Each structure stands twice: as C-alpha cells, then as structure tokens.
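> Dropping in protein.txt, with compact mmCIF, C-alpha atoms and all ligand atoms.
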```txt
# COMPACT_ATOMS: atom_id res chain seq x y z
CA ASP T 10 -9.15 30.85 -20.00
CA ALA T 11 -11.34 28.89 -17.57
CA ALA T 12 -12.57 32.03 -15.78
CA ASP T 13 -13.82 33.70 -18.98
CA LEU T 14 -17.54 32.99 -19.35
CA GLY T 15 -17.63 34.16 -22.97
CA HIS T 16 -21.22 34.14 -24.20
CA PHE T 17 -22.36 31.62 -21.57
CA ARG T 18 -24.58 32.52 -18.62
CA HIS T 19 -22.95 30.17 -16.14
CA TYR T 20 -19.75 28.18 -15.77
CA MET T 21 -21.76 25.00 -15.63
CA GLN T 22 -23.27 25.74 -19.03
CA LYS T 23 -19.86 26.59 -20.44
CA GLU T 24 -18.40 23.40 -19.00
CA ILE T 25 -21.21 21.30 -20.48
CA PHE T 26 -20.39 22.75 -23.89
CA GLU T 27 -16.66 22.18 -23.38
CA GLN T 28 -17.14 18.43 -23.17
CA PRO T 29 -16.29 17.57 -26.78
CA THR T 30 -12.93 19.31 -26.31
CA ALA T 31 -12.34 17.96 -22.79
CA ILE T 32 -12.98 14.42 -24.03
CA ALA T 33 -10.83 14.86 -27.14
CA ASN T 34 -7.99 16.19 -24.97
CA THR T 35 -8.31 13.29 -22.53
CA LEU T 36 -8.20 10.88 -25.45
CA GLN T 37 -5.30 12.48 -27.30
CA ARG T 38 -2.58 10.05 -26.20
CA VAL T 39 -5.01 7.14 -26.24
CA LEU T 40 -5.85 7.73 -29.88
CA GLU T 41 -2.16 7.92 -30.74
CA LEU T 42 -1.09 4.84 -28.77
CA GLY T 43 -4.26 2.76 -28.35
CA CYS T 44 -5.58 1.68 -24.92
CA LYS T 45 -2.10 0.69 -23.77
CA PRO T 46 -1.40 -0.15 -20.11
CA ALA T 47 1.66 2.15 -20.33
CA LEU T 48 -0.74 5.12 -20.36
CA PHE T 49 -1.13 4.49 -16.62
CA GLY T 50 2.57 4.22 -15.81
CA PRO T 51 5.61 2.06 -16.64
CA GLU T 52 4.66 -0.64 -14.11
CA ALA T 53 1.03 -0.83 -15.14
CA ASP T 54 1.24 -3.77 -17.54
CA THR T 55 2.63 -6.14 -14.91
CA LEU T 56 0.34 -4.88 -12.16
CA PHE T 57 -2.73 -5.13 -14.41
CA ALA T 58 -1.82 -8.64 -15.53
CA ASN T 59 -1.45 -9.90 -11.95
CA ALA T 60 -4.15 -8.05 -10.02
CA PRO T 61 -6.57 -10.52 -8.40
CA ALA T 62 -9.31 -7.88 -8.05
CA VAL T 63 -10.19 -4.24 -8.58
CA ARG T 64 -11.61 -1.98 -5.90
CA ILE T 65 -12.85 1.46 -6.86
CA VAL T 66 -13.23 4.18 -4.23
CA ALA T 67 -14.67 7.67 -4.79
CA CYS T 68 -17.26 10.24 -3.66
CA GLY T 69 -20.14 12.04 -5.36
CA SER T 70 -20.13 12.07 -9.14
CA SER T 71 -16.76 10.34 -9.18
CA TYR T 72 -18.41 7.43 -7.37
CA HIS T 73 -21.04 7.23 -10.11
CA ALA T 74 -18.27 7.07 -12.71
CA GLY T 75 -16.84 4.14 -10.75
CA LEU T 76 -20.18 2.35 -10.84
CA VAL T 77 -20.23 2.56 -14.64
CA ALA T 78 -16.66 1.26 -14.84
CA ARG T 79 -17.60 -1.89 -12.97
CA TYR T 80 -19.75 -3.05 -15.90
CA TRP T 81 -16.96 -2.45 -18.42
CA ILE T 82 -14.17 -4.03 -16.37
CA GLU T 83 -16.20 -7.09 -15.40
CA GLU T 84 -17.41 -7.67 -18.94
CA TRP T 85 -14.05 -7.22 -20.64
CA THR T 86 -11.76 -8.83 -18.05
CA GLY T 87 -13.84 -11.11 -15.82
CA LEU T 88 -12.08 -9.53 -12.81
CA PRO T 89 -14.10 -9.09 -9.63
CA VAL T 90 -14.77 -5.36 -9.17
CA SER T 91 -16.21 -3.63 -6.14
CA VAL T 92 -17.11 0.03 -5.96
CA ASP T 93 -17.15 1.79 -2.61
CA ILE T 94 -18.15 5.19 -1.33
CA ALA T 95 -14.91 6.47 0.19
CA SER T 96 -16.51 7.69 3.42
CA GLU T 97 -17.90 4.19 4.04
CA TYR T 98 -14.89 2.21 2.91
CA ARG T 99 -12.54 4.06 5.27
CA TYR T 100 -14.46 2.76 8.29
CA ARG T 101 -15.00 -0.78 7.07
CA LYS T 102 -12.69 -3.45 8.36
CA GLY T 103 -12.13 -5.85 5.45
CA ARG T 104 -8.69 -6.98 4.28
CA GLU T 105 -7.46 -6.54 0.71
CA GLN T 106 -5.87 -9.34 -1.27
CA ASP T 107 -2.26 -8.56 -2.12
CA GLY T 108 -1.94 -7.05 -5.58
CA THR T 109 -5.47 -5.65 -5.61
CA LEU T 110 -5.73 -2.61 -7.83
CA ILE T 111 -7.29 0.27 -5.90
CA VAL T 112 -8.72 2.79 -8.35
CA ALA T 113 -9.13 6.15 -6.60
CA ILE T 114 -11.23 8.53 -8.70
CA SER T 115 -11.31 12.23 -7.89
CA GLN T 116 -11.66 15.41 -9.88
CA SER T 117 -9.77 17.49 -7.31
CA GLY T 118 -7.47 14.91 -5.78
CA GLU T 119 -8.08 16.59 -2.42
CA THR T 120 -11.35 15.08 -1.13
CA ALA T 121 -10.62 14.17 2.49
CA ASP T 122 -12.66 10.96 2.59
CA LEU T 123 -11.09 9.72 -0.63
CA LEU T 124 -7.54 10.33 0.62
CA ALA T 125 -8.38 8.57 3.88
CA ALA T 126 -9.86 5.60 1.98
CA MET T 127 -6.74 5.30 -0.17
CA ARG T 128 -4.45 5.37 2.87
CA SER T 129 -6.66 2.88 4.66
CA ALA T 130 -6.52 0.51 1.67
CA ARG T 131 -2.73 0.48 1.91
CA GLU T 132 -2.98 -0.77 5.51
CA ARG T 133 -5.24 -3.65 4.52
CA GLY T 134 -2.92 -5.42 2.14
CA ASP T 135 -0.10 -4.98 -0.35
CA VAL T 136 -2.26 -3.04 -2.81
CA LYS T 137 -1.41 -0.70 -5.67
CA VAL T 138 -3.20 2.61 -6.05
CA LEU T 139 -4.15 3.96 -9.44
CA ALA T 140 -5.21 7.60 -9.28
CA LEU T 141 -7.61 8.97 -11.83
CA CYS T 142 -7.52 12.69 -11.34
CA ASN T 143 -8.07 16.02 -13.09
CA VAL T 144 -5.53 18.01 -11.06
CA PRO T 145 -1.92 17.07 -11.86
CA HIS T 146 -0.29 18.24 -8.63
CA SER T 147 -2.68 17.08 -5.95
CA THR T 148 -2.35 15.01 -2.80
CA LEU T 149 -3.92 12.05 -4.59
CA THR T 150 -1.53 12.12 -7.54
CA ARG T 151 1.47 12.46 -5.21
CA GLU T 152 0.50 9.43 -3.15
CA SER T 153 -0.48 7.07 -5.97
CA ASP T 154 1.54 4.31 -7.67
CA LEU T 155 -0.12 4.66 -11.09
CA LEU T 156 -1.75 7.71 -12.62
CA PHE T 157 -4.07 8.76 -15.40
CA LEU T 158 -4.87 12.46 -15.70
CA THR T 159 -8.16 13.51 -17.21
CA GLN T 160 -7.76 16.64 -19.33
CA ALA T 161 -11.01 18.40 -18.52
CA GLY T 162 -9.27 21.66 -17.64
CA GLN T 163 -10.32 23.64 -14.61
CA GLU T 164 -13.92 22.98 -13.58
CA ILE T 165 -15.49 25.92 -11.76
CA GLY T 166 -19.18 24.97 -11.46
CA VAL T 167 -19.73 23.05 -8.23
CA ALA T 168 -21.82 20.42 -10.01
CA SER T 169 -19.38 18.23 -11.93
CA THR T 170 -19.94 17.95 -15.69
CA LYS T 171 -16.85 17.71 -17.91
CA ALA T 172 -14.83 16.18 -15.07
CA PHE T 173 -17.39 13.38 -14.82
CA THR T 174 -17.55 12.53 -18.52
CA THR T 175 -13.75 12.60 -18.84
CA GLN T 176 -13.56 10.24 -15.85
CA LEU T 177 -15.88 7.87 -17.69
CA VAL T 178 -13.64 8.05 -20.73
CA ALA T 179 -10.54 7.35 -18.64
CA LEU T 180 -12.25 4.38 -16.99
CA TYR T 181 -13.27 2.98 -20.36
CA VAL T 182 -9.63 3.20 -21.41
CA LEU T 183 -8.61 1.52 -18.15
CA ALA T 184 -11.03 -1.36 -18.72
CA ALA T 185 -9.63 -1.88 -22.23
CA ALA T 186 -6.04 -1.66 -20.99
CA LEU T 187 -6.75 -4.24 -18.28
CA ALA T 188 -8.21 -6.52 -20.94
CA GLN T 189 -5.10 -6.02 -23.03
CA SER T 190 -2.71 -6.91 -20.17
CA ARG T 191 -4.77 -9.92 -19.16
CA GLN T 192 -5.49 -11.02 -22.72
CA THR T 193 -9.15 -11.50 -22.02
CA LEU T 194 -10.42 -10.12 -25.33
CA SER T 195 -9.65 -11.01 -28.91
CA ALA T 196 -7.66 -8.48 -30.94
CA SER T 197 -10.73 -7.67 -33.01
CA ALA T 198 -12.96 -7.12 -29.95
CA LEU T 199 -10.33 -4.83 -28.46
CA ASP T 200 -10.01 -2.95 -31.76
CA GLU T 201 -13.72 -2.37 -31.81
CA ILE T 202 -13.72 -1.03 -28.23
CA VAL T 203 -10.82 1.31 -28.95
CA GLY T 204 -12.21 2.29 -32.36
CA ALA T 205 -15.47 3.50 -30.78
CA LEU T 206 -13.47 6.18 -28.95
CA HIS T 207 -12.56 7.90 -32.22
CA ARG T 208 -16.17 8.88 -32.82
CA LEU T 209 -16.86 9.96 -29.25
CA PRO T 210 -16.03 13.69 -29.39
CA VAL T 211 -18.33 14.05 -32.42
CA LEU T 212 -21.14 12.05 -30.78
CA VAL T 213 -20.90 14.24 -27.71
CA GLU T 214 -20.91 17.37 -29.83
CA GLU T 215 -24.11 16.23 -31.53
CA MET T 216 -25.81 15.91 -28.15
CA LEU T 217 -25.36 19.62 -27.53
CA ALA T 218 -27.88 20.30 -30.30
CA LEU T 219 -30.59 18.85 -28.01
CA ASP T 220 -30.17 21.78 -25.63
CA GLY T 221 -33.27 23.68 -26.78
CA GLU T 222 -35.50 20.63 -26.53
CA LEU T 223 -34.23 19.88 -23.02
CA ASP T 224 -35.00 23.45 -22.01
CA LYS T 225 -38.64 22.71 -22.93
CA TRP T 226 -38.56 19.58 -20.76
CA ALA T 227 -37.03 21.67 -17.99
CA HIS T 228 -39.92 24.11 -18.17
CA GLU T 229 -42.27 21.24 -17.31
CA LEU T 230 -39.97 19.60 -14.79
CA SER T 231 -39.50 22.83 -12.85
CA HIS T 232 -43.11 22.59 -11.64
CA TYR T 233 -42.58 19.31 -9.81
CA ASN T 234 -41.17 18.72 -6.34
CA HIS T 235 -39.96 15.17 -6.96
CA ALA T 236 -38.52 13.13 -9.81
CA LEU T 237 -37.37 9.59 -10.44
CA PHE T 238 -34.52 8.68 -12.80
CA LEU T 239 -34.35 5.18 -14.22
CA GLY T 240 -31.83 3.19 -16.20
CA ARG T 241 -30.43 -0.31 -16.46
CA HIS T 242 -26.91 -1.72 -16.82
CA THR T 243 -24.37 1.09 -17.46
CA LEU T 244 -27.24 3.56 -17.61
CA PHE T 245 -28.25 2.82 -14.02
CA PRO T 246 -25.35 4.87 -12.58
CA ILE T 247 -26.19 7.56 -15.14
CA ALA T 248 -29.70 7.68 -13.64
CA LEU T 249 -28.03 8.20 -10.23
CA GLU T 250 -25.92 10.99 -11.71
CA GLY T 251 -28.93 12.63 -13.39
CA ALA T 252 -30.81 12.62 -10.09
CA LEU T 253 -27.79 14.03 -8.27
CA LYS T 254 -27.47 16.89 -10.76
CA LEU T 255 -31.15 17.79 -10.43
CA LYS T 256 -31.13 17.85 -6.64
CA GLU T 257 -27.78 19.66 -6.41
CA ILE T 258 -28.65 22.63 -8.57
CA ALA T 259 -32.45 22.68 -9.05
CA TYR T 260 -33.27 21.64 -5.46
CA ILE T 261 -35.80 19.07 -6.66
CA HIS T 262 -35.90 15.88 -4.66
CA ALA T 263 -34.76 13.22 -7.10
CA GLU T 264 -33.81 9.57 -6.85
CA GLY T 265 -32.00 7.38 -9.31
CA TYR T 266 -33.06 3.76 -9.49
CA ALA T 267 -32.19 0.65 -11.40
CA ALA T 268 -35.41 0.18 -13.38
CA GLY T 269 -35.75 -3.44 -12.26
CA GLU T 270 -35.81 -2.28 -8.64
CA LEU T 271 -38.87 -0.07 -9.16
CA LYS T 272 -41.27 -2.73 -7.98
CA HIS T 273 -39.41 -3.04 -4.69
CA GLY T 274 -40.44 0.38 -3.45
CA PRO T 275 -40.53 3.50 -5.60
CA LEU T 276 -43.54 2.30 -7.59
CA ALA T 277 -45.61 3.20 -4.51
CA LEU T 278 -44.75 6.86 -5.16
CA VAL T 279 -45.78 6.88 -8.80
CA ASP T 280 -48.86 8.86 -9.81
CA GLU T 281 -49.60 11.72 -12.24
CA ASN T 282 -47.42 14.03 -10.13
CA MET T 283 -44.28 11.96 -10.57
CA PRO T 284 -42.05 12.73 -13.55
CA ILE T 285 -39.85 9.78 -14.45
CA ILE T 286 -36.77 10.43 -16.53
CA VAL T 287 -35.65 7.29 -18.31
CA CYS T 288 -32.42 6.53 -20.19
CA ALA T 289 -32.81 3.75 -22.73
CA ALA T 290 -30.28 1.95 -24.91
CA ALA T 291 -31.10 -0.52 -27.66
CA ASP T 292 -29.52 -3.44 -25.80
CA GLU T 293 -30.56 -6.87 -24.57
CA LEU T 294 -32.29 -5.32 -21.55
CA LEU T 295 -34.59 -3.08 -23.59
CA GLU T 296 -37.51 -5.49 -23.35
CA LYS T 297 -37.17 -5.60 -19.55
CA LEU T 298 -37.01 -1.81 -19.41
CA VAL T 299 -40.16 -1.55 -21.52
CA SER T 300 -42.06 -3.73 -19.07
CA ASN T 301 -40.78 -1.54 -16.19
CA LEU T 302 -42.12 1.50 -18.05
CA ARG T 303 -45.51 -0.12 -18.55
CA GLU T 304 -45.79 -0.44 -14.77
CA VAL T 305 -45.12 3.26 -14.40
CA GLU T 306 -47.50 4.30 -17.16
CA ALA T 307 -50.29 2.12 -15.77
CA ARG T 308 -50.07 4.34 -12.66
CA SER T 309 -50.17 7.58 -14.70
CA GLY T 310 -46.48 8.37 -14.09
CA LYS T 311 -45.13 10.85 -16.64
CA VAL T 312 -42.29 9.26 -18.55
CA PHE T 313 -39.67 11.53 -20.12
CA LEU T 314 -37.72 9.15 -22.32
CA LEU T 315 -34.17 9.75 -23.53
CA ALA T 316 -33.66 6.95 -26.01
CA GLU T 317 -31.04 5.77 -28.43
CA PRO T 318 -32.31 4.87 -31.91
CA GLY T 319 -33.77 1.36 -31.87
CA CYS T 320 -35.75 1.85 -28.65
CA GLU T 321 -39.09 2.44 -30.41
CA ALA T 322 -40.70 -0.27 -28.26
CA ALA T 323 -40.30 2.08 -25.29
CA HIS T 324 -41.96 5.08 -26.95
CA ASP T 325 -45.61 4.02 -26.55
CA GLY T 326 -47.16 5.60 -23.53
CA ALA T 327 -44.26 7.95 -22.84
CA HIS T 328 -45.18 11.55 -22.10
CA ARG T 329 -42.14 12.97 -23.95
CA VAL T 330 -39.53 11.23 -26.11
CA LEU T 331 -36.18 12.53 -27.24
CA THR T 332 -34.28 10.25 -29.60
CA MET T 333 -30.49 10.49 -29.70
CA PRO T 334 -28.89 11.12 -33.10
CA VAL T 335 -27.08 7.75 -33.15
CA ALA T 336 -26.52 4.71 -30.95
CA SER T 337 -23.21 4.73 -29.09
CA GLY T 338 -22.84 1.11 -27.96
CA PRO T 339 -20.71 0.72 -24.82
CA LEU T 340 -20.17 4.49 -24.75
CA ALA T 341 -23.90 5.15 -24.18
CA PRO T 342 -23.34 6.18 -20.53
CA VAL T 343 -20.96 8.95 -21.62
CA VAL T 344 -23.27 10.25 -24.34
CA LEU T 345 -26.50 10.04 -22.33
CA THR T 346 -24.99 12.01 -19.45
CA LEU T 347 -25.17 15.19 -21.51
CA PRO T 348 -28.95 15.48 -21.83
CA LEU T 349 -29.30 14.87 -18.10
CA GLN T 350 -26.81 17.66 -17.37
CA MET T 351 -28.65 20.02 -19.72
CA LEU T 352 -32.00 19.08 -18.19
CA ALA T 353 -30.77 19.83 -14.65
CA TYR T 354 -29.10 23.02 -15.82
CA HIS T 355 -32.19 24.45 -17.52
CA THR T 356 -34.47 23.38 -14.69
CA ALA T 357 -32.21 25.22 -12.24
CA CYS T 358 -32.21 28.31 -14.48
CA ARG T 359 -35.97 28.29 -14.67
CA LYS T 360 -36.15 28.05 -10.89
CA GLY T 361 -33.61 30.87 -10.55
CA THR T 362 -31.15 29.05 -8.31
CA ASP T 363 -27.45 29.87 -8.01
CA VAL T 364 -26.40 27.29 -10.58
CA ASP T 365 -22.63 27.53 -10.16
CA LYS T 366 -22.70 27.77 -6.36
CA PRO T 367 -25.63 25.76 -5.07
CA ARG T 368 -26.48 26.34 -1.43
CA ASN T 369 -24.66 24.28 1.21
CA LEU T 370 -22.29 22.60 -1.28
CA ALA T 371 -18.58 22.98 -1.98
CA LYS T 372 -16.55 22.19 -5.06
CA SER T 373 -14.01 20.24 -3.11
CA VAL T 374 -14.70 18.74 0.32
CA THR T 375 -11.35 18.77 2.09
CA VAL T 376 -12.70 18.07 5.59
CA GLU T 377 -14.45 14.94 6.74
C1 LIG S 401 -18.11 17.49 -4.14
C2 LIG S 401 -18.44 18.07 -5.50
C3 LIG S 401 -18.88 16.96 -6.46
C4 LIG S 401 -17.82 15.88 -6.54
C5 LIG S 401 -17.45 15.35 -5.15
C6 LIG S 401 -16.21 14.49 -5.20
O1 LIG S 401 -19.26 16.99 -3.54
O2 LIG S 401 -19.48 19.03 -5.37
O3 LIG S 401 -19.10 17.50 -7.75
O4 LIG S 401 -18.28 14.83 -7.34
O5 LIG S 401 -17.14 16.43 -4.28
O6 LIG S 401 -15.11 15.30 -5.56
P1 LIG S 401 -13.80 14.80 -6.22
O7 LIG S 401 -12.95 16.03 -6.41
O8 LIG S 401 -13.15 13.85 -5.23
O9 LIG S 401 -14.15 14.12 -7.49
```
With the file now loaded, output its structure as structure tokens.
Ligand code: G6P

Amino acid sequence: DAADLGHFRHYMQKEIFEQPTAIANTLQRVLELGCKPALFGPEADTLFANAPAVRIVACGSSYHAGLVARYWIEEWTGLPVSVDIASEYRYRKGREQDGTLIVAISQSGETADLLAAMRSARERGDVKVLALCNVPHSTLTRESDLLFLTQAGQEIGVASTKAFTTQLVALYVLAAALAQSRQTLSASALDEIVGALHRLPVLVEEMLALDGELDKWAHELSHYNHALFLGRHTLFPIALEGALKLKEIAYIHAEGYAAGELKHGPLALVDENMPIIVCAAADELLEKLVSNLREVEARSGKVFLLAEPGCEAAHDGAHRVLTMPVASGPLAPVVLTLPLQMLAYHTACRKGTDVDKPRNLAKSVTVE
C-alpha cells in the first residue's frame, strides 16, 4: 500500500528504497521480450524505423530524464534528438518534420504545460506522440499514439525519485528499441545493452547501503547556503537533477553544471565556502573531468566526489570520496541518481524541512 509508511520517516525515503522493485517491475516485460519496439505499441516498429528525428518534451525531473536519453538515442541510432522544456516549446514557432517522434515524458500525465506542448507539436507537422507515463489512465496516455508505462507505483513525495529512475530505464529501453528498428547496432552490441538491464535492480539495491555515509555528507552540506553539482556526458543531467533535489527539499541554492562549462562562469563563485558535488564515471571523459576538478581545488572548493570504481585519478584533492560498489557502464546515470537523492533527503532532514511537501511546490502542476 503506497500510503503505508511502514518503518520509514517520510514517503520520499520510502520511495527511494522502493527503487529496486520499481525498476524491476518496469523491466518485467522487457526482460521477457528484450528491448522490442512492440513494447511501445503495435505500430511502433514502423514508426521508429521511419522517424526522421526525435523531440523530447517534459518538465522538471522528467525533463532531466529526457536530457539523459538524448545521449543514448544519439549514440545508438544516430538520430537527431532535441530535448525541450514543455513550457518553452509550447510558445516556440518551429515546424516539425513529418514522422518526427515526439516523446512526452510525465510522471502524472496531467502537467498542463506538457499537455499543451504535445498538442502544439501535433499542429506543427504530422508527428507521432509516444507517451512515457507512470499513470495508466491520464490525459497524456489517452491522447498519445504510442505508450510505455513506467511501473513505479504511486509516488507521494513531491520530489520525484522512483518515477525519475523508472523514466530513465524506460528511455534506455526506447533507445535500444529505436536502434533495433533502425538496425543501427550490431546484434552483439544490442545484446550487451539489453543484458546490462538484468543486473540493474541489484546494482540499485547495492546503492542503498551508502545511505549512512550520505547522511554524514548531509550533516556537512546542511551548513552551506549554496552548492554546485557537476557531471559530464550522461551524468551532466544527473548533476542537474541532484541540484534540483537539494533546492526543492533542503532549500539550499544549488546549480547543476556540465563540468566543462565551469570555466565559463561558476568558477568565479568557488572558494572554501562552496561545496561541489561531483559524479564521476570511468569513461573517456574522466581525464577532462579531473582537470575540471583541479581548477576547483586550486580555489579551495570542497569536492564531494561520487565515483565509480576506476576513477582513482579524481580522488586526489577531493574533500570526501564515496566509491560505488561497481561500475555500471551506460546505466551509470540511473545508479548515480540514488546517492544524490539520499544526500538531498538527509540534508533536508537535518534542516528539519517538510520533506514530502516542500513549501510552494505541488506534486502535479495542472495549471499553467
Ligand atoms: C512537479 C513535480 C516534479 C515533476 C514535475 C513534472 O514540479 O514536483 O517532481 O518532475 O512536476 O511532473 P510530471 O508529472 O509531468 O512528470
């Protein structure tokens, strides 16, 4: 029962801990069938094969999920992908190429700006709308051509947690299904991408063991008024999401940045009073990230590093380091979301805020 808190203090905490199950449930049919286009509807294979472009529209955390998906879809299909904030897209004037796949991501399926953006897209060209939603009978699911339902279960905490990670999972499956329809990956590459999903619920479960350590980080973080979150590649949108969580529930001014963009502005803010939370993966951009971190450390910024194994080069000079149990390859953005959620959660608890109902915010924004 979603309303039963059990031994948890807050719904948000409960929902963080439900993620292994929420992800496993979302993946159930995928693991039986593979990342098949048919998971999105009977017409999906043809539409995926012929789409000239993908446009993702969403708000809030759902928008961040869309930003991650761009990296996967571009890399695996070569398709042009754009990601738009729904409230901006609806007032832009551009046309859409016929056949464009509009991916509308929404936990609730009732966000007013998102619905308006979807309807506006239909007026700009002969597009097809794929809804990615957590609520089966919502306005979004009713008005879409293709559908994938995330199986997060009811989410009560205003700050999205399990809905966000299940959206990421669904988008990963979408990227693989697009690649399958368009035959842009070899069978073995596709197998590897799909195979990684089998381990995901266990990887996510292992992250929950870091909760106590992140509570210690939170104790420190709760004394600051500002924070920067950094990442690169698929971890850049995760930095945005980490910053959003911290400001939403702990009321600490936080900004997420692509680490390479640091020198174009935020570096001016860095001194010993600036905590910098960094997500690092052992990928081809690690060396670049390390040099970004050196710039921060030279200015006495306090680096809190969340690193996959293999990122030892980034450890030197960091104020705190937490190493993930294992590397998760292309699924790193899913896995690294959890420590950021736990960090925001514990920081909010230490500050005594109303975690599940942060001031001025609503779970679902059904007016413009
Ligand atoms: C509100 C919620 C966020 C959510 C956003 C988009 O701002 O507080 O958690 O990400 O709406 O909602 P949706 O239901 O469209 O995903």
> Neighbours of ligand LIG 401 (chain S) within 7 Å, counting all atoms listed in the file, as a PyMOL selection string?
chain T and resi 67-71+114-120+123+167-169+370-374
> Between CA of Val136 (chain T) and CA of Ala60 (chain T), measure the distance and give it in Å to one decimal.
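Between these atoms lies a distance of 9.0 Å.
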> Applying 9 Å and all atoms listed in the file, which residues near Val330 (chain T) remain after dropping the ones on its own chain fewer than 4 positions away? List them as a PyMOL selection string.
chain T and resi 312-316+324
> So which residues touch Arg303 (chain T) within 10 Å, counting only C-alpha atoms, skipping near sequence neighbours fewer than 4 positions away, as a short mmCIF file (atom, residue, chain, number, x, y, z; two decimals) with C-alpha atoms, in the frame of the given file?

```
data_model
loop_
_atom_site.label_atom_id
_atom_site.label_comp_id
_atom_site.auth_asym_id
_atom_site.auth_seq_id
_atom_site.Cartn_x
_atom_site.Cartn_y
_atom_site.Cartn_z
CA LEU T 298 -37.01 -1.81 -19.41
CA VAL T 299 -40.16 -1.55 -21.52
CA ALA T 307 -50.29 2.12 -15.77
CA ARG T 308 -50.07 4.34 -12.66
CA SER T 309 -50.17 7.58 -14.70
CA GLY T 310 -46.48 8.37 -14.09
CA VAL T 312 -42.29 9.26 -18.55
CA ALA T 323 -40.30 2.08 -25.29
CA ASP T 325 -45.61 4.02 -26.55
CA GLY T 326 -47.16 5.60 -23.53
CA ALA T 327 -44.26 7.95 -22.84
#
```
> For His19 (chain T), please output as a compact mmCIF listing (two decimals) with C-alpha atoms, in the coordinates of the input all residues within 9 Å (counting only C-alpha atoms; exclusion window: fewer than 3 positions along the same chain).

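selection10.txt was written with the following content:
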```
# COMPACT_ATOMS: atom_id res chain seq x y z
CA LEU T 14 -17.54 32.99 -19.35
CA GLN T 22 -23.27 25.74 -19.03
CA LYS T 23 -19.86 26.59 -20.44
CA GLU T 24 -18.40 23.40 -19.00
CA GLY T 166 -19.18 24.97 -11.46
CA VAL T 364 -26.40 27.29 -10.58
CA ASP T 365 -22.63 27.53 -10.16
```
> Could you list, as a PyMOL selection string, every residue within 12 Å of Glu201 (chain T), counting all atoms listed in the file and ignoring same-chain residues fewer than 5 positions away?
chain T and resi 43-44+185+194-196+206-208+338-340
> Mind checking which residues fall within 9 Å of Asp220 (chain T), counting all atoms listed in the file, ignoring those fewer than 6 positions away in the same chain, and posting them as a ChimeraX atom specification?
/T:348,351-352,355
> So the first atom is CA of Pro246 (chain T) and the second is CA of Ala341 (chain T); what is the distance between them in Å, to one decimal place?
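Answer for the CA of Pro246 (chain T) to CA of Ala341 (chain T) separation: 11.7 Å.
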> Box for region 151-170 of chain T - axis-aligned, 4 Å on each of the six sides, all listed atoms - centre and size in Å to one decimal, as AutoDock Vina command-line options.

```
--center_x -10.1 --center_y 15.1 --center_z -11.2 --size_x 31.4 --size_y 29.6 --size_z 24.2
```
> Quote the spacing between CA of Val213 (chain T) and CA of Val344 (chain T) in Å to one decimal place.
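So the two atoms, CA of Val213 (chain T) and CA of Val344 (chain T), lie 5.7 Å apart.
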> Around (-28.8, 10.3, -19.2) in the file's frame, which residues reach within 12 Å when counting only C-alpha atoms? Return as number ranges by chain?
T: 174, 216, 223, 238-241, 243-255, 265, 286-290, 313-317, 331-333, 340-353
> Identify which of the residues T:Asp292, T:Thr375, T:Pro367, T:Ala31 lies closest to Lys171 (chain T), counting all atoms listed in the file when measuring atom-to-atom distances.
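Looking at the shortest contact to Lys171 (chain T), the residue is T:Ala31.
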> I'd like a table as a Markdown table: residues in region 182-255 of chain T with an atom no more than 9 Å from region 276-284 of chain T, each row giving the shortest atom pair and its distance in Å to one decimal, only C-alpha atoms counted, sorted by chain and rising residue number.

```
| residue | atom | partner | partner_atom | distance |
| --- | --- | --- | --- | --- |
| T:Leu230 | CA | T:Pro284 | CA | 7.3 |
| T:Tyr233 | CA | T:Asn282 | CA | 7.2 |
| T:Asn234 | CA | T:Met283 | CA | 8.6 |
| T:His235 | CA | T:Met283 | CA | 6.5 |
| T:Ala236 | CA | T:Pro284 | CA | 5.2 |
| T:Leu237 | CA | T:Pro284 | CA | 6.4 |
| T:Phe238 | CA | T:Pro284 | CA | 8.6 |
```
> Give the answer as one residue: which of T:Ala121, T:Leu56, T:Ala140, T:Leu36 has the shortest atom-to-atom distance to Pro210 (chain T), using all atoms listed in the file?
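Closest to Pro210 (chain T) of all the choices is T:Leu36.
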> Considering all atoms listed in the file, state which residue in the set T:Ile202, T:Val178, T:Leu48, T:Leu42 is at the smallest distance from Leu155 (chain T).
T:Leu48
> Between T:Val182, T:Val335, T:Ile94, T:Val305, which has the minimum distance to Pro318 (chain T) (counting all atoms listed in the file)?
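For Pro318 (chain T), the nearest of the given residues is T:Val335.
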> Could you check which of T:Ser231, T:Asn143, T:Ser96, T:Thr109 is closest to Ala161 (chain T), using all atoms listed in the file?
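Once distances to Ala161 (chain T) are computed over all atoms listed in the file, the minimum belongs to T:Asn143.
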> Select, from T:Ala291, T:Glu306, T:Ile261, T:Gln160, the residue with the minimum atom-to-atom distance to Asn34 (chain T), counting only C-alpha atoms.
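Among T:Ala291, T:Glu306, T:Ile261, T:Gln160, it is T:Gln160 that comes nearest to Asn34 (chain T).
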